[in-house]
$ cat start.cif   # mmCIF, C-alpha atoms and all ligand atoms
data_target
loop_
_atom_site.label_atom_id
_atom_site.label_comp_id
_atom_site.auth_asym_id
_atom_site.auth_seq_id
_atom_site.Cartn_x
_atom_site.Cartn_y
_atom_site.Cartn_z
CA MET E 1 26.16 -15.77 42.58
CA VAL E 2 22.91 -17.68 42.87
CA ARG E 3 21.39 -18.98 39.62
CA ARG E 4 17.61 -19.08 39.64
CA ILE E 5 16.21 -21.62 37.22
CA LEU E 6 12.52 -22.09 36.56
CA VAL E 7 11.55 -25.51 35.19
CA ALA E 8 8.31 -24.84 33.37
CA ASN E 9 6.03 -25.59 30.48
CA GLU E 10 2.37 -24.75 30.16
CA LYS E 11 1.74 -28.37 29.24
CA GLY E 12 1.47 -31.07 31.90
CA GLY E 13 3.09 -34.48 31.82
CA VAL E 14 6.20 -33.42 29.91
CA GLY E 15 8.75 -34.21 32.62
CA LYS E 16 8.97 -30.92 34.51
CA THR E 17 8.89 -32.43 37.97
CA THR E 18 11.14 -35.35 37.05
CA THR E 19 13.67 -32.93 35.59
CA ALA E 20 13.49 -30.41 38.44
CA VAL E 21 14.03 -33.11 41.09
CA ASN E 22 16.85 -34.95 39.33
CA LEU E 23 18.61 -31.79 38.20
CA ALA E 24 18.40 -30.34 41.72
CA HIS E 25 19.80 -33.53 43.24
CA GLY E 26 22.37 -33.88 40.46
CA LEU E 27 23.74 -30.43 41.19
CA ALA E 28 23.82 -31.14 44.93
CA LEU E 29 25.23 -34.67 44.78
CA LEU E 30 27.50 -34.66 41.73
CA MET E 31 28.59 -31.04 41.53
CA LYS E 32 28.56 -30.39 45.31
CA LYS E 33 26.53 -27.23 44.82
CA LYS E 34 24.24 -25.79 47.45
CA VAL E 35 20.75 -26.16 46.00
CA LEU E 36 17.23 -25.06 46.92
CA LEU E 37 14.29 -26.79 45.22
CA VAL E 38 11.01 -24.87 45.37
CA ASP E 39 7.84 -26.87 44.71
CA LEU E 40 5.46 -24.49 42.94
CA ASP E 41 2.80 -27.09 42.11
CA ASN E 42 -0.12 -27.86 44.42
CA GLN E 43 0.12 -31.49 43.28
CA ALA E 44 3.41 -31.58 45.19
CA GLY E 45 5.15 -33.93 42.78
CA ALA E 46 8.63 -32.68 43.67
CA THR E 47 7.92 -32.91 47.40
CA ILE E 48 6.62 -36.46 47.11
CA SER E 49 9.38 -37.54 44.71
CA LEU E 50 11.95 -36.70 47.37
CA GLY E 51 10.03 -38.80 49.90
CA PHE E 52 8.26 -36.06 51.86
CA THR E 53 4.64 -35.50 52.80
CA PRO E 54 3.03 -32.53 51.04
CA GLY E 55 3.14 -29.36 53.14
CA ASP E 56 2.41 -25.66 53.18
CA GLY E 57 5.90 -24.28 52.52
CA THR E 58 5.29 -22.49 49.23
CA TYR E 59 1.85 -21.33 50.35
CA ASP E 60 3.33 -19.91 53.54
CA LEU E 61 5.99 -18.03 51.55
CA LEU E 62 3.50 -16.57 49.10
CA VAL E 63 0.51 -15.86 51.32
CA LYS E 64 1.71 -15.67 54.91
CA GLU E 65 5.01 -13.97 54.12
CA ARG E 66 6.94 -16.53 56.14
CA ARG E 67 10.71 -16.38 55.74
CA LEU E 68 12.55 -19.01 53.75
CA GLY E 69 14.31 -20.35 56.84
CA GLU E 70 10.94 -21.13 58.45
CA VAL E 71 9.64 -23.23 55.57
CA ILE E 72 12.59 -25.25 54.24
CA ILE E 73 13.23 -28.93 54.79
CA ALA E 74 16.80 -30.23 54.64
CA ALA E 75 16.01 -32.86 51.99
CA ARG E 76 19.47 -34.25 51.19
CA ASP E 77 23.10 -33.20 51.68
CA ASN E 78 23.39 -29.78 49.98
CA LEU E 79 19.71 -29.85 48.98
CA ASP E 80 16.92 -27.93 50.72
CA LEU E 81 13.27 -28.16 49.73
CA VAL E 82 10.33 -25.78 50.03
CA PRO E 83 7.49 -28.32 50.03
CA SER E 84 4.09 -27.72 48.59
CA GLY E 85 0.63 -29.23 48.90
CA GLN E 86 -3.05 -28.79 48.18
CA ARG E 87 -3.28 -25.49 50.02
CA LEU E 88 -1.17 -23.88 47.31
CA SER E 89 -4.27 -23.85 45.10
CA LEU E 90 -5.70 -21.28 47.54
CA ALA E 91 -2.67 -19.07 46.86
CA LEU E 92 -3.94 -18.73 43.32
CA ALA E 93 -7.12 -16.94 44.45
CA PHE E 94 -5.14 -14.85 46.90
CA LEU E 95 -2.69 -13.73 44.22
CA GLU E 96 -5.55 -12.94 41.86
CA SER E 97 -7.08 -10.71 44.52
CA LEU E 98 -3.73 -8.92 44.88
CA GLU E 99 -3.73 -8.44 41.12
CA ARG E 100 -7.06 -6.62 41.31
CA ASP E 101 -5.89 -4.45 44.20
CA VAL E 102 -4.42 -1.72 42.01
CA LYS E 103 -4.03 0.67 44.95
CA HIS E 104 -1.37 -1.61 46.40
CA GLY E 105 0.57 -2.30 43.25
CA GLY E 106 -1.82 -4.64 41.44
CA VAL E 107 -0.26 -6.90 38.83
CA ALA E 108 3.35 -6.07 39.63
CA VAL E 109 2.97 -6.90 43.32
CA ALA E 110 0.92 -10.04 42.63
CA ARG E 111 3.44 -11.40 40.13
CA GLY E 112 6.43 -10.43 42.22
CA ARG E 113 5.37 -12.16 45.39
CA LEU E 114 7.70 -15.18 45.08
CA LYS E 115 10.60 -12.93 44.15
CA ALA E 116 9.93 -10.68 47.13
CA ALA E 117 9.86 -13.74 49.39
CA LEU E 118 13.09 -15.29 48.14
CA GLN E 119 15.39 -12.74 46.59
CA ASN E 120 17.47 -11.99 49.67
CA ASP E 121 17.40 -15.26 51.56
CA ASP E 122 18.24 -17.31 48.46
CA LYS E 123 21.71 -15.79 48.13
CA GLN E 124 23.17 -18.54 50.33
CA TYR E 125 22.55 -21.05 47.49
CA ASP E 126 24.41 -21.73 44.25
CA PHE E 127 21.20 -22.79 42.51
CA VAL E 128 17.49 -22.40 43.09
CA ILE E 129 15.41 -24.77 40.98
CA VAL E 130 11.68 -24.01 40.82
CA ASP E 131 9.31 -26.78 39.74
CA SER E 132 6.36 -24.99 38.15
CA GLY E 133 2.96 -26.61 37.82
CA PRO E 134 1.21 -26.81 34.45
CA GLY E 135 -0.74 -23.89 33.01
CA LEU E 136 0.05 -20.27 32.50
CA ASN E 137 -1.42 -18.55 35.54
CA ILE E 138 -0.45 -16.17 38.31
CA LEU E 139 1.64 -18.90 39.99
CA SER E 140 3.72 -19.65 36.90
CA LEU E 141 4.00 -15.90 36.26
CA ASN E 142 5.44 -15.61 39.78
CA GLY E 143 7.95 -18.25 38.70
CA LEU E 144 8.81 -16.25 35.57
CA THR E 145 9.20 -13.05 37.56
CA TYR E 146 11.51 -14.73 40.07
CA GLY E 147 13.58 -16.91 37.73
CA ASP E 148 16.45 -15.59 35.65
CA GLU E 149 16.67 -18.66 33.46
CA VAL E 150 13.96 -20.97 32.16
CA LEU E 151 14.42 -24.65 31.41
CA ILE E 152 11.59 -26.08 29.32
CA PRO E 153 11.15 -29.84 29.19
CA VAL E 154 9.45 -30.90 25.96
CA SER E 155 8.28 -34.47 25.58
CA LEU E 156 8.92 -35.76 22.08
CA ASP E 157 5.37 -35.87 20.80
CA PHE E 158 3.63 -33.51 18.44
CA LEU E 159 1.16 -31.97 20.91
CA SER E 160 3.90 -31.23 23.38
CA GLU E 161 6.04 -29.66 20.67
CA VAL E 162 3.19 -27.41 19.57
CA GLY E 163 2.05 -26.74 23.15
CA THR E 164 5.47 -25.37 24.04
CA GLU E 165 5.29 -22.37 21.75
CA PRO E 166 2.82 -20.25 23.78
CA PHE E 167 5.03 -20.61 26.83
CA VAL E 168 8.10 -19.53 24.90
CA ARG E 169 6.15 -16.47 23.76
CA ALA E 170 5.12 -15.78 27.38
CA ILE E 171 8.80 -15.65 28.34
CA ALA E 172 9.43 -13.09 25.60
CA THR E 173 6.46 -11.06 26.82
CA MET E 174 7.82 -11.07 30.37
CA ARG E 175 11.14 -9.79 29.07
CA SER E 176 9.36 -6.91 27.41
CA TYR E 177 8.01 -6.02 30.89
CA ASP E 178 11.60 -5.75 32.05
CA ALA E 179 11.84 -9.09 33.82
CA PRO E 180 15.37 -10.43 33.26
CA VAL E 181 14.11 -13.96 32.58
CA ARG E 182 15.31 -15.77 29.47
CA LEU E 183 14.94 -19.18 27.91
CA ARG E 184 18.19 -21.07 28.54
CA TYR E 185 17.50 -24.77 28.00
CA VAL E 186 15.07 -26.85 26.00
CA VAL E 187 15.23 -30.40 27.32
CA PRO E 188 13.75 -33.15 25.13
CA THR E 189 12.16 -35.76 27.39
CA LEU E 190 10.44 -39.14 27.13
CA TYR E 191 12.73 -39.92 24.20
CA HIS E 192 12.29 -43.22 22.38
CA THR E 193 15.72 -43.68 20.83
CA GLY E 194 15.53 -44.51 17.16
CA HIS E 195 11.77 -43.99 16.78
CA GLN E 196 11.18 -42.06 13.60
CA ASN E 197 8.63 -39.76 15.14
CA ASP E 198 10.84 -38.86 18.10
CA GLU E 199 13.86 -38.27 15.86
CA ARG E 200 11.81 -35.98 13.62
CA ILE E 201 10.58 -33.86 16.51
CA LEU E 202 14.07 -33.74 18.04
CA GLU E 203 15.39 -32.47 14.71
CA ARG E 204 12.72 -29.76 14.56
CA LEU E 205 13.46 -28.68 18.14
CA LYS E 206 17.12 -28.26 17.16
CA GLN E 207 16.10 -26.20 14.12
CA ASN E 208 13.87 -23.96 16.24
CA TYR E 209 15.93 -23.63 19.42
CA GLY E 210 19.47 -24.36 18.22
CA ALA E 211 22.08 -24.55 20.96
CA LEU E 212 19.44 -24.25 23.70
CA VAL E 213 18.50 -27.89 23.09
CA THR E 214 20.25 -30.19 25.55
CA VAL E 215 20.91 -33.90 25.54
CA PRO E 216 17.57 -35.75 25.38
CA ILE E 217 16.34 -37.71 28.38
CA ARG E 218 15.42 -41.23 27.32
CA ARG E 219 12.11 -42.85 28.26
CA ILE E 220 13.09 -45.32 30.96
CA THR E 221 11.02 -47.21 33.53
CA ASP E 222 13.59 -46.62 36.30
CA ILE E 223 12.68 -42.92 36.08
CA VAL E 224 9.05 -43.78 36.84
CA ALA E 225 9.96 -46.16 39.67
CA ALA E 226 12.36 -43.82 41.51
CA PRO E 227 9.74 -41.37 42.91
CA GLU E 228 7.58 -44.28 44.09
CA ASN E 229 10.48 -45.01 46.41
CA GLY E 230 10.93 -41.37 47.36
CA GLN E 231 14.28 -41.45 45.60
CA THR E 232 15.96 -39.53 42.82
CA ILE E 233 17.32 -41.50 39.89
CA PHE E 234 20.82 -41.16 41.35
CA GLU E 235 19.69 -42.91 44.52
CA TYR E 236 17.38 -45.43 42.91
CA LYS E 237 19.75 -46.72 40.23
CA ARG E 238 23.03 -44.89 39.78
CA SER E 239 24.04 -47.15 36.87
CA SER E 240 20.82 -46.61 34.88
CA LYS E 241 20.49 -44.81 31.56
CA GLY E 242 18.22 -42.34 33.33
CA ALA E 243 20.98 -41.43 35.78
CA LYS E 244 23.42 -41.03 32.87
CA ASP E 245 21.06 -38.70 30.99
CA TYR E 246 20.34 -36.59 34.05
CA GLU E 247 24.05 -36.48 34.88
CA MET E 248 24.73 -35.08 31.38
CA LEU E 249 22.01 -32.48 31.89
CA THR E 250 23.38 -31.61 35.32
CA ARG E 251 26.86 -31.02 33.87
CA ARG E 252 25.49 -28.92 31.03
CA VAL E 253 23.51 -26.69 33.40
CA SER E 254 26.37 -26.47 35.86
CA ASN E 255 28.69 -25.28 33.10
CA GLY E 256 26.28 -22.45 32.27
N1 LIG H 301 12.44 -40.06 31.06
C1 LIG H 301 11.29 -40.62 31.48
N2 LIG H 301 11.05 -41.94 31.23
C2 LIG H 301 9.88 -42.51 31.62
N3 LIG H 301 8.91 -41.86 32.26
C3 LIG H 301 9.08 -40.56 32.54
C4 LIG H 301 10.28 -39.87 32.17
N4 LIG H 301 10.16 -38.58 32.56
C5 LIG H 301 8.96 -38.48 33.17
N5 LIG H 301 8.30 -39.65 33.15
C6 LIG H 301 6.97 -39.93 33.69
O1 LIG H 301 6.04 -39.15 32.98
C7 LIG H 301 5.03 -38.65 33.87
C8 LIG H 301 5.03 -37.13 33.83
O2 LIG H 301 6.27 -36.65 34.32
P1 LIG H 301 6.34 -35.38 35.28
O3 LIG H 301 7.77 -35.14 35.56
O4 LIG H 301 5.45 -35.55 36.45
O5 LIG H 301 5.76 -34.27 34.30
P2 LIG H 301 5.17 -32.81 34.64
O6 LIG H 301 5.79 -32.33 35.90
O7 LIG H 301 5.56 -31.99 33.45
O8 LIG H 301 3.69 -32.96 34.73
C9 LIG H 301 5.38 -39.20 35.23
O9 LIG H 301 4.63 -40.36 35.43
C10 LIG H 301 6.85 -39.54 35.12
O10 LIG H 301 7.23 -40.59 35.98
MG MG H 302 4.95 -31.58 37.64
#
$ encode --input "start.cif" --output "structure tokens" --more "lines below"
Ligand SMILES: Nc1ncnc2c1ncn2[C@@H]1O[C@H](COP(=O)(O)OP(=O)(O)O)[C@@H](O)[C@H]1O
Ligand SMILES: [Mg+2]
Amino acid sequence: MVRRILVANEKGGVGKTTTAVNLAHGLALLMKKKVLLVDLDNQAGATISLGFTPGDGTYDLLVKERRLGEVIIAARDNLDLVPSGQRLSLALAFLESLERDVKHGGVAVARGRLKAALQNDDKQYDFVIVDSGPGLNILSLNGLTYGDEVLIPVSLDFLSEVGTEPFVRAIATMRSYDAPVRLRYVVPTLYHTGHQNDERILERLKQNYGALVTVPIRRITDIVAAPENGQTIFEYKRSSKGAKDYEMLTRRVSNG
């Protein structure tokens, strides 16, 4: 059965895109799973990181009701991509207008648009990974309505730690509206090994989120360089610490 994982955090710059891309490729390359990566950010970080030009894929799914098969790119072996681009910011206004259109279902229809677009055609995959943009808006709510599991990257600094809490509450609120979504993984990112501050925050994350906390992803320059080359960390430097950390995360997620 397909597992639908939303990579999200209201805060920007915490490693969402990096994690979505490397986890998606890790599952495809290392675990031989069939994976779909959906770029739900108009900045198109996931699309660009895999070496593609931004496009209208996600916009076309959400607004034009195109079918999945019409908008995917075969990005790697076992890995398909729904690309995104600037036009996705227009989807925001469109979805907000749907929200106001109470005669035609209002909020429920507006928030369920991504789910309606994907929920049948995605059954051919083992995993769908959605890279959410920052913010808590109708696009990320579409992600929360579609996803069954949420993976939250948290960079190991105080503001990121604090900034994560509202998003965790939003997940709980969605559940109370009967969406099946639940928080499954809290992934510490941008980890400076041995730095007192990072260790302290990591400890607090473990106290707050217990077994949901995964292996931390270390702060490593190879991880920054890989997307510049349109490569995942597994392609850019398979022997790097970054590839090791993302391999550990891949195995953890693959095991459930
Ligand atoms: N483990 C890491 N080590 C070093 N730099 C990282 C790491 N993870 C992410 N980055 C860098 O941090 C910045 C933000 O990461 P990104 O994945 O784009 O975050 P988000 O999608 O949450 O905005 C990017 O420049 C990225 O290359
Ligand atoms: Mg991003």
$ residues_near_ligand --input "start.cif" --ligand "ligand LIG 301 (chain H)" --cutoff "8 Å" --atoms "only C-alpha atoms and all ligand atoms" --output "PyMOL selection string"
chain E and resi 8-9+11-20+45+131-134+153+189-191+217-225+227+242
$ closest_residue --input "start.cif" --among "E:Lys237, E:Arg4, E:Lys64, E:Arg182" --to "Val38 (chain E)" --atoms "all atoms listed in the file"
E:Arg4
$ closest_residue --input "start.cif" --among "E:Met1, E:Arg184, E:Val130, E:Val71" --to "ligand MG 302 (chain H)" --atoms "all atoms listed in the file"
E:Val130
$ closest_residue --input "start.cif" --among "E:Leu151, E:Leu40, E:Leu114, E:Val215" --to "Ser89 (chain E)" --atoms "all atoms listed in the file"
E:Leu40
$ atom_distance --input "start.cif" --atom1 "CA of Gly55 (chain E)" --atom2 "CA of Gly230 (chain E)"
15.4 Å
$ residues_around --input "start.cif" --residues "Val154 (chain E)" --least-positions-apart "5" --cutoff "7 Å" --atoms "only C-alpha atoms" --output "ChimeraX atom specification"
/E:14,160-161,186-189
$ write_last_selection --input "start.cif" --atoms "C-alpha atoms" --output "mmCIF file, keeping the file's coordinate frame"
data_model
loop_
_atom_site.group_PDB
_atom_site.id
_atom_site.type_symbol
_atom_site.label_atom_id
_atom_site.label_comp_id
_atom_site.auth_asym_id
_atom_site.auth_seq_id
_atom_site.Cartn_x
_atom_site.Cartn_y
_atom_site.Cartn_z
ATOM 1 C CA VAL E 14 6.200 -33.420 29.910
ATOM 2 C CA SER E 160 3.900 -31.230 23.380
ATOM 3 C CA GLU E 161 6.040 -29.660 20.670
ATOM 4 C CA VAL E 186 15.070 -26.850 26.000
ATOM 5 C CA VAL E 187 15.230 -30.400 27.320
ATOM 6 C CA PRO E 188 13.750 -33.150 25.130
ATOM 7 C CA THR E 189 12.160 -35.760 27.390
#
$ closest_residue --input "start.cif" --among "E:Ser84, E:Gln124, E:Asn142, E:Leu30" --to "Val109 (chain E)" --atoms "only C-alpha atoms"
E:Asn142
$ build_atoms --input "start.cif" --residues "region 186-197 of chain E" --atoms "all heavy atoms" --output "mmCIF file, in the coordinates of the input"
data_model
loop_
_atom_site.group_PDB
_atom_site.id
_atom_site.type_symbol
_atom_site.label_atom_id
_atom_site.label_comp_id
_atom_site.auth_asym_id
_atom_site.auth_seq_id
_atom_site.Cartn_x
_atom_site.Cartn_y
_atom_site.Cartn_z
ATOM 1 N N VAL E 186 16.216 -26.074 26.447
ATOM 2 C CA VAL E 186 15.070 -26.850 26.000
ATOM 3 C C VAL E 186 15.483 -28.314 26.128
ATOM 4 O O VAL E 186 16.443 -28.753 25.489
ATOM 5 C CB VAL E 186 14.703 -26.508 24.538
ATOM 6 C CG1 VAL E 186 13.605 -27.432 24.023
ATOM 7 C CG2 VAL E 186 14.284 -25.042 24.425
ATOM 8 N N VAL E 187 14.811 -29.036 27.016
ATOM 9 C CA VAL E 187 15.230 -30.400 27.320
ATOM 10 C C VAL E 187 14.238 -31.407 26.738
ATOM 11 O O VAL E 187 13.104 -31.519 27.206
ATOM 12 C CB VAL E 187 15.323 -30.614 28.856
ATOM 13 C CG1 VAL E 187 15.789 -32.039 29.173
ATOM 14 C CG2 VAL E 187 16.256 -29.593 29.488
ATOM 15 N N PRO E 188 14.639 -32.118 25.678
ATOM 16 C CA PRO E 188 13.750 -33.150 25.130
ATOM 17 C C PRO E 188 13.619 -34.292 26.128
ATOM 18 O O PRO E 188 14.622 -34.766 26.670
ATOM 19 C CB PRO E 188 14.493 -33.621 23.865
ATOM 20 C CG PRO E 188 15.557 -32.585 23.608
ATOM 21 C CD PRO E 188 15.911 -32.022 24.948
ATOM 22 N N THR E 189 12.382 -34.700 26.388
ATOM 23 C CA THR E 189 12.160 -35.760 27.390
ATOM 24 C C THR E 189 11.337 -36.891 26.778
ATOM 25 O O THR E 189 10.788 -36.758 25.678
ATOM 26 C CB THR E 189 11.407 -35.217 28.611
ATOM 27 O OG1 THR E 189 10.154 -34.697 28.164
ATOM 28 C CG2 THR E 189 12.172 -34.134 29.331
ATOM 29 N N LEU E 190 11.231 -37.967 27.532
ATOM 30 C CA LEU E 190 10.440 -39.140 27.130
ATOM 31 C C LEU E 190 10.846 -39.609 25.728
ATOM 32 O O LEU E 190 10.007 -39.913 24.876
ATOM 33 C CB LEU E 190 8.937 -38.821 27.203
ATOM 34 C CG LEU E 190 8.445 -38.553 28.629
ATOM 35 C CD1 LEU E 190 7.122 -37.827 28.635
ATOM 36 C CD2 LEU E 190 8.334 -39.865 29.403
ATOM 37 N N TYR E 191 12.144 -39.651 25.513
ATOM 38 C CA TYR E 191 12.730 -39.920 24.200
ATOM 39 C C TYR E 191 12.820 -41.417 23.940
ATOM 40 O O TYR E 191 13.469 -42.147 24.687
ATOM 41 C CB TYR E 191 14.122 -39.268 24.183
ATOM 42 C CG TYR E 191 14.966 -39.510 22.965
ATOM 43 C CD1 TYR E 191 14.431 -39.484 21.678
ATOM 44 C CD2 TYR E 191 16.344 -39.726 23.095
ATOM 45 C CE1 TYR E 191 15.234 -39.676 20.565
ATOM 46 C CE2 TYR E 191 17.156 -39.919 21.992
ATOM 47 C CZ TYR E 191 16.589 -39.894 20.726
ATOM 48 O OH TYR E 191 17.399 -40.081 19.641
ATOM 49 N N HIS E 192 12.162 -41.850 22.875
ATOM 50 C CA HIS E 192 12.290 -43.220 22.380
ATOM 51 C C HIS E 192 13.421 -43.217 21.366
ATOM 52 O O HIS E 192 13.221 -42.805 20.218
ATOM 53 C CB HIS E 192 11.030 -43.652 21.623
ATOM 54 C CG HIS E 192 9.925 -44.117 22.490
ATOM 55 N ND1 HIS E 192 8.715 -43.491 22.544
ATOM 56 C CD2 HIS E 192 9.837 -45.192 23.323
ATOM 57 C CE1 HIS E 192 7.918 -44.142 23.374
ATOM 58 N NE2 HIS E 192 8.568 -45.169 23.867
ATOM 59 N N THR E 193 14.581 -43.701 21.761
ATOM 60 C CA THR E 193 15.720 -43.680 20.830
ATOM 61 C C THR E 193 15.373 -44.430 19.544
ATOM 62 O O THR E 193 14.817 -45.524 19.604
ATOM 63 C CB THR E 193 16.939 -44.387 21.467
ATOM 64 O OG1 THR E 193 16.965 -44.070 22.844
ATOM 65 C CG2 THR E 193 18.232 -43.970 20.815
ATOM 66 N N GLY E 194 15.679 -43.819 18.429
ATOM 67 C CA GLY E 194 15.530 -44.510 17.160
ATOM 68 C C GLY E 194 14.120 -44.497 16.568
ATOM 69 O O GLY E 194 13.944 -44.850 15.412
ATOM 70 N N HIS E 195 13.123 -44.076 17.350
ATOM 71 C CA HIS E 195 11.770 -43.990 16.780
ATOM 72 C C HIS E 195 11.709 -42.810 15.827
ATOM 73 O O HIS E 195 12.083 -41.692 16.199
ATOM 74 C CB HIS E 195 10.717 -43.818 17.875
ATOM 75 C CG HIS E 195 10.382 -45.099 18.578
ATOM 76 N ND1 HIS E 195 9.146 -45.378 19.066
ATOM 77 C CD2 HIS E 195 11.147 -46.176 18.846
ATOM 78 C CE1 HIS E 195 9.154 -46.583 19.629
ATOM 79 N NE2 HIS E 195 10.364 -47.076 19.502
ATOM 80 N N GLN E 196 11.188 -43.078 14.644
ATOM 81 C CA GLN E 196 11.180 -42.060 13.600
ATOM 82 C C GLN E 196 10.530 -40.761 14.049
ATOM 83 O O GLN E 196 11.043 -39.667 13.816
ATOM 84 C CB GLN E 196 10.417 -42.616 12.397
ATOM 85 C CG GLN E 196 11.058 -42.253 11.092
ATOM 86 C CD GLN E 196 10.254 -42.814 9.921
ATOM 87 O OE1 GLN E 196 9.118 -43.258 10.070
ATOM 88 N NE2 GLN E 196 10.846 -42.784 8.765
ATOM 89 N N ASN E 197 9.381 -40.923 14.704
ATOM 90 C CA ASN E 197 8.630 -39.760 15.140
ATOM 91 C C ASN E 197 9.436 -38.907 16.130
ATOM 92 O O ASN E 197 9.502 -37.678 16.010
ATOM 93 C CB ASN E 197 7.334 -40.226 15.785
ATOM 94 C CG ASN E 197 6.370 -39.093 15.992
ATOM 95 O OD1 ASN E 197 6.038 -38.395 15.047
ATOM 96 N ND2 ASN E 197 5.964 -38.886 17.236
#
